[in-house]
Structure formats: structure tokens, C-alpha cells
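File shown: run27.tsv. Contents: TSV, C-alpha atoms.
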```tsv
chain	number	residue	atom	x	y	z
A	1	MET	CA	-132.06	24.84	5.73
A	2	THR	CA	-134.84	22.74	7.09
A	3	ALA	CA	-133.92	19.73	9.20
A	4	MET	CA	-135.24	17.42	6.49
A	5	ALA	CA	-133.18	19.10	3.77
A	6	LYS	CA	-130.05	19.06	5.91
A	7	THR	CA	-130.02	15.28	6.09
A	8	ILE	CA	-130.01	14.92	2.31
A	9	SER	CA	-127.85	17.87	1.28
A	10	LEU	CA	-124.75	17.64	-0.87
A	11	LYS	CA	-122.87	19.80	1.63
A	12	ASP	CA	-123.18	17.04	4.22
A	13	SER	CA	-122.19	14.27	1.82
A	14	ALA	CA	-118.70	12.82	1.29
A	15	PHE	CA	-118.56	14.46	-2.15
A	16	GLY	CA	-119.61	17.80	-0.68
A	17	GLN	CA	-116.99	17.59	2.05
A	18	ASP	CA	-114.33	16.75	-0.54
A	19	MET	CA	-115.31	19.75	-2.67
A	20	LEU	CA	-115.36	22.05	0.37
A	21	GLU	CA	-111.86	20.89	1.25
A	22	VAL	CA	-110.73	21.68	-2.31
A	23	LEU	CA	-112.26	25.16	-1.96
A	24	ALA	CA	-110.57	25.61	1.39
A	25	GLU	CA	-107.17	24.61	0.05
A	26	ARG	CA	-107.31	26.45	-3.26
A	27	GLN	CA	-109.37	29.52	-2.46
A	28	LEU	CA	-110.48	30.11	1.11
A	29	GLU	CA	-107.15	29.70	2.92
A	30	LYS	CA	-105.72	32.45	0.71
A	31	VAL	CA	-108.30	34.91	2.03
A	32	SER	CA	-108.31	33.59	5.62
A	33	TYR	CA	-111.87	32.30	5.17
A	34	CYS	CA	-113.12	35.89	4.97
A	35	GLY	CA	-115.37	35.40	1.97
A	36	LEU	CA	-116.66	33.00	-0.64
A	37	ASP	CA	-116.69	34.16	-4.26
A	38	ILE	CA	-119.19	31.94	-6.09
A	39	SER	CA	-117.80	32.64	-9.61
A	40	CYS	CA	-114.29	31.80	-8.45
A	41	SER	CA	-115.61	28.72	-6.61
A	42	ILE	CA	-117.32	27.38	-9.72
A	43	LEU	CA	-114.10	27.78	-11.72
A	44	THR	CA	-111.93	26.33	-8.94
A	45	LEU	CA	-114.06	23.21	-8.54
A	46	LYS	CA	-114.53	22.76	-12.29
A	47	GLU	CA	-110.77	22.95	-12.84
A	48	TYR	CA	-110.20	20.46	-10.02
A	49	LEU	CA	-112.73	17.99	-11.43
A	50	VAL	CA	-111.38	18.26	-14.97
A	51	LYS	CA	-107.85	17.55	-13.73
A	52	LYS	CA	-108.93	14.74	-11.44
A	53	LEU	CA	-111.17	13.02	-13.97
A	54	SER	CA	-109.30	13.77	-17.18
A	55	HIS	CA	-108.32	10.95	-19.47
A	56	GLY	CA	-104.71	12.11	-19.27
A	57	ASN	CA	-104.55	11.38	-15.54
A	58	TRP	CA	-105.92	7.92	-16.16
A	59	ARG	CA	-103.04	7.14	-18.53
A	60	VAL	CA	-100.47	8.24	-15.95
A	61	ASP	CA	-102.07	6.47	-12.99
A	62	PRO	CA	-104.95	4.04	-13.69
A	63	GLY	CA	-106.04	4.35	-10.06
A	64	LEU	CA	-106.90	8.03	-10.50
A	65	CYS	CA	-109.67	7.74	-13.04
A	66	GLN	CA	-111.58	5.26	-15.11
A	67	PRO	CA	-112.01	6.39	-18.73
A	68	GLU	CA	-115.80	6.21	-18.50
A	69	LEU	CA	-115.77	8.87	-15.76
A	70	ARG	CA	-115.34	11.58	-18.37
A	71	TYR	CA	-119.00	10.97	-19.21
A	72	LEU	CA	-119.85	11.87	-15.64
A	73	TYR	CA	-118.47	15.42	-15.93
A	74	PRO	CA	-121.94	16.97	-16.36
A	75	ILE	CA	-123.19	15.20	-13.22
A	76	TYR	CA	-120.19	16.34	-11.21
A	77	PHE	CA	-120.52	19.90	-12.50
A	78	ASP	CA	-124.22	19.94	-11.60
A	79	SER	CA	-123.32	18.58	-8.15
A	80	VAL	CA	-120.81	21.39	-7.63
A	81	ARG	CA	-123.41	24.00	-8.52
A	82	VAL	CA	-125.95	22.39	-6.19
A	83	LEU	CA	-123.34	22.41	-3.41
A	84	LEU	CA	-122.67	26.10	-3.99
A	85	ALA	CA	-126.42	26.80	-4.11
A	86	GLU	CA	-126.68	25.17	-0.69
A	87	CYS	CA	-123.92	27.48	0.57
A	88	VAL	CA	-125.68	30.53	-0.88
A	89	ALA	CA	-129.01	29.51	0.66
A	90	GLU	CA	-127.31	28.88	4.01
A	91	PHE	CA	-125.72	32.33	3.86
A	92	PHE	CA	-128.98	34.11	3.12
A	93	GLN	CA	-130.83	32.16	5.81
A	94	THR	CA	-128.23	32.45	8.58
A	95	GLY	CA	-125.84	35.25	7.60
A	96	ARG	CA	-122.90	32.85	7.43
A	97	ILE	CA	-121.61	29.70	5.81
A	98	TYR	CA	-120.32	27.12	8.24
A	99	MET	CA	-117.47	24.85	7.19
A	100	ALA	CA	-115.49	22.25	9.09
A	101	VAL	CA	-112.25	21.55	7.22
A	102	LEU	CA	-109.70	18.88	8.01
A	103	ASP	CA	-106.35	20.30	9.13
A	104	PRO	CA	-103.89	17.74	7.73
A	105	TYR	CA	-101.15	18.74	10.17
A	106	ARG	CA	-103.22	18.26	13.32
A	107	MET	CA	-105.54	15.63	11.79
A	108	GLU	CA	-108.61	17.29	13.22
A	109	TYR	CA	-111.43	19.36	11.83
A	110	VAL	CA	-111.23	23.12	12.21
A	111	GLU	CA	-114.45	25.13	12.13
A	112	HIS	CA	-114.76	28.22	9.96
A	113	GLU	CA	-117.53	30.74	9.51
A	114	ILE	CA	-117.64	32.64	6.25
A	115	ARG	CA	-119.47	35.92	6.67
A	116	LEU	CA	-118.99	37.46	3.22
A	117	LEU	CA	-120.47	36.12	0.01
A	118	ILE	CA	-119.67	37.46	-3.45
A	119	LEU	CA	-122.57	36.56	-5.72
A	120	ARG	CA	-122.99	38.09	-9.16
A	121	PRO	CA	-126.21	38.03	-11.23
A	122	GLU	CA	-124.63	35.53	-13.64
A	123	ASP	CA	-123.85	33.26	-10.65
A	124	VAL	CA	-127.50	33.33	-9.62
A	125	SER	CA	-128.51	32.41	-13.18
A	126	ALA	CA	-125.99	29.53	-13.32
A	127	LEU	CA	-127.16	28.16	-9.97
A	128	LEU	CA	-130.82	28.40	-10.97
A	129	ARG	CA	-130.17	26.60	-14.28
A	130	ALA	CA	-128.44	23.76	-12.43
A	131	LEU	CA	-131.16	23.55	-9.78
A	132	LYS	CA	-133.86	23.41	-12.45
A	133	LYS	CA	-131.93	20.74	-14.34
A	134	VAL	CA	-131.45	18.46	-11.31
A	135	GLN	CA	-135.19	18.50	-10.59
A	136	ASP	CA	-135.82	16.49	-13.76
A	137	PRO	CA	-136.77	12.96	-12.62
A	138	SER	CA	-134.43	11.46	-15.24
A	139	HIS	CA	-131.38	13.37	-13.93
A	140	ASP	CA	-128.71	11.09	-12.43
A	141	LEU	CA	-128.68	13.03	-9.16
A	142	ILE	CA	-132.27	11.90	-8.59
A	143	ALA	CA	-131.78	8.43	-10.04
A	144	ARG	CA	-129.04	7.66	-7.52
A	145	TRP	CA	-131.66	7.56	-4.78
A	146	LYS	CA	-133.07	4.04	-4.82
A	147	ASN	CA	-135.71	4.70	-2.16
A	148	GLN	CA	-138.72	6.67	-3.43
A	149	THR	CA	-138.94	8.60	-0.15
A	150	ASP	CA	-135.32	9.71	-0.53
A	151	ARG	CA	-136.03	10.80	-4.12
A	152	GLU	CA	-138.97	12.86	-2.92
A	153	ARG	CA	-136.87	14.42	-0.13
A	154	TRP	CA	-134.10	15.23	-2.64
A	155	THR	CA	-136.58	16.76	-5.08
A	156	GLU	CA	-138.13	18.82	-2.29
A	157	HIS	CA	-134.67	19.99	-1.18
A	158	MET	CA	-133.91	21.09	-4.78
A	159	ARG	CA	-137.28	22.85	-5.02
A	160	VAL	CA	-136.67	24.77	-1.78
A	161	LEU	CA	-133.14	25.70	-2.91
A	162	TYR	CA	-134.52	26.90	-6.24
A	163	GLN	CA	-137.14	29.05	-4.49
A	164	THR	CA	-134.54	30.51	-2.13
A	165	ILE	CA	-132.03	31.34	-4.87
A	166	SER	CA	-134.71	32.69	-7.23
A	167	GLN	CA	-135.54	35.38	-4.66
A	168	LEU	CA	-132.07	36.81	-5.30
A	169	GLN	CA	-132.83	37.75	-8.92
```

Go ahead and render the structure in this file as C-alpha cells.
Amino acid sequence: MTAMAKTISLKDSAFGQDMLEVLAERQLEKVSYCGLDISCSILTLKEYLVKKLSHGNWRVDPGLCQPELRYLYPIYFDSVRVLLAECVAEFFQTGRIYMAVLDPYRMEYVEHEIRLLILRPEDVSALLRALKKVQDPSHDLIARWKNQTDRERWTEHMRVLYQTISQLQ
């Protein structure tokens, strides 16, 4: 990633870190951080978001979810795919995916390097569709940036990711 893109990436955001911790707990720990399967990651994160944001959880514990959040599913799902696209691009640029995951027992971050990526043609297509979608100026992932310069940096980051991932087709 370029230095500019790194400062505005989803991977470095609070949401991105949360999703990486979910992946670590539900997928990566089971394989000792040996590899990242993108298809499995999409399903893992989608299942997590559906459970976390579902209307049913809101009825049980109002603090878990506001009912209007169910309308945000598409934005969250696009965000997950952008996050995974960043991981794929990082892998193909550096030969590894770097993750720092919080160890809840020691209350410190533990660094992991993932050196195997499982990426199927349908994964590439799904990532490209999401990256194309989030480049639309009306998409909520662009609209969240209030500063025009930040919007331009985000759009450029998405464009570079799209170009990188499209080379894998």
C-alpha cells in the first residue's frame, strides 16, 4: 500500500480492527494463523454482522443494536469486502498479511504474519464488485468523509485497490 492509502484504509480503522479480531477468533486461531481463506472470511464476517446487527438481538438487549441498523447491512458488507481486498492487495504487494490482534488474557497485542492466501476466482469477482460499488460518489462509505480531500484520498485508495485486485483475474 502507498503511505497515503495506509492512512485512510479500513484495515487501520476501528471497524477494520474489530473485524480482524473476529477473523482471528473465529477462523485464524484454528489454523494457527497459517493462512487466510477469503471465501471463508467473507462468510465468517457476514455471519458475525448478521448476528450482531439482527433485530432479534435488539429485542433481547437494546444496547446491542438499534433497529435502524439493519438498513446498514449493505454498507457493513461492502466494508468487509473492502477490508478483505486490502488484505489481498497487501499480500500480493508484500508476500504477507500483517495483523496485530489483542490477546485478551495478556491484554496486549500479538503480531501475526499470514503467508498463505486462498483466493478463488469468485472471490476476486466479489471483491471487484464491492470495490467498484464503493467508488460511486453517492455510496455511504464515501459520504462519511466530510472533508473533500479525505473523500478524494478514499476514492484514490479504492481505485488503486481495484487496479491491484483486477490484475488477479

Next item on the list: Using all atoms listed in the file, pick whichever of A:Val82, A:Ala143, A:Ile114, A:Val88 has the shortest atom-to-atom distance to Arg129 of chain A.
Entry: A:Val82

Notebook entry, point to check: What is the distance between atom CA of Gln167 of chain A and atom CA of Asp136 of chain A, in Å to one decimal?
Noted result: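 Straight-line distance from atom CA of Gln167 of chain A to atom CA of Asp136 of chain A works out to 21.0 Å.
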
Within 6 Å of segment 27-43 of chain A, which residues of segment 73-155 of chain A come that close, and what is the closest atom pair and distance in Å for each? Count all atoms listed in the file and give it as JSON lines.
```
{"residue": "A:Ile114", "atom": "CA", "partner": "A:Gly35", "partner_atom": "CA", "distance": 5.6}
{"residue": "A:Leu116", "atom": "CA", "partner": "A:Gly35", "partner_atom": "CA", "distance": 4.3}
{"residue": "A:Leu117", "atom": "CA", "partner": "A:Leu36", "partner_atom": "CA", "distance": 5.0}
{"residue": "A:Ile118", "atom": "CA", "partner": "A:Asp37", "partner_atom": "CA", "distance": 4.5}
{"residue": "A:Leu119", "atom": "CA", "partner": "A:Ile38", "partner_atom": "CA", "distance": 5.7}
```

Checklist line | Expected residue set, 12 Å radius at (-112.9, 21.6, -1.3), all atoms listed in the file, as a PyMOL selection string | finding: chain A and resi 11+14-29+41-42+44-49+80+83-84+99-102

Next item on the list: Tell me, in Å to one decimal, how far atom CA of Phe77 of chain A is from atom CA of Leu127 of chain A.
Entry: 10.9 Å

Next item on the list: Calculate how many Å separate atom CA of Leu72 of chain A from atom CA of Ala89 of chain A, rounding to one decimal.
Entry: 25.7 Å

Notebook entry, point to check: Gln135 of chain A: which residues within 12 Å, counting only C-alpha atoms, same-chain residues fewer than 6 positions away excluded, as a ChimeraX atom specification?
Noted result: /A:78,82,128-129,141-143,151-162

Next item on the list: Identify which of the residues A:Ile8, A:Asp140, A:Phe92, A:Trp145 lies closest to Leu168 of chain A, counting only C-alpha atoms when measuring atom-to-atom distances.
Entry: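 Checking each of A:Ile8, A:Asp140, A:Phe92, A:Trp145 against Leu168 of chain A, counting only C-alpha atoms, the winner is A:Phe92.
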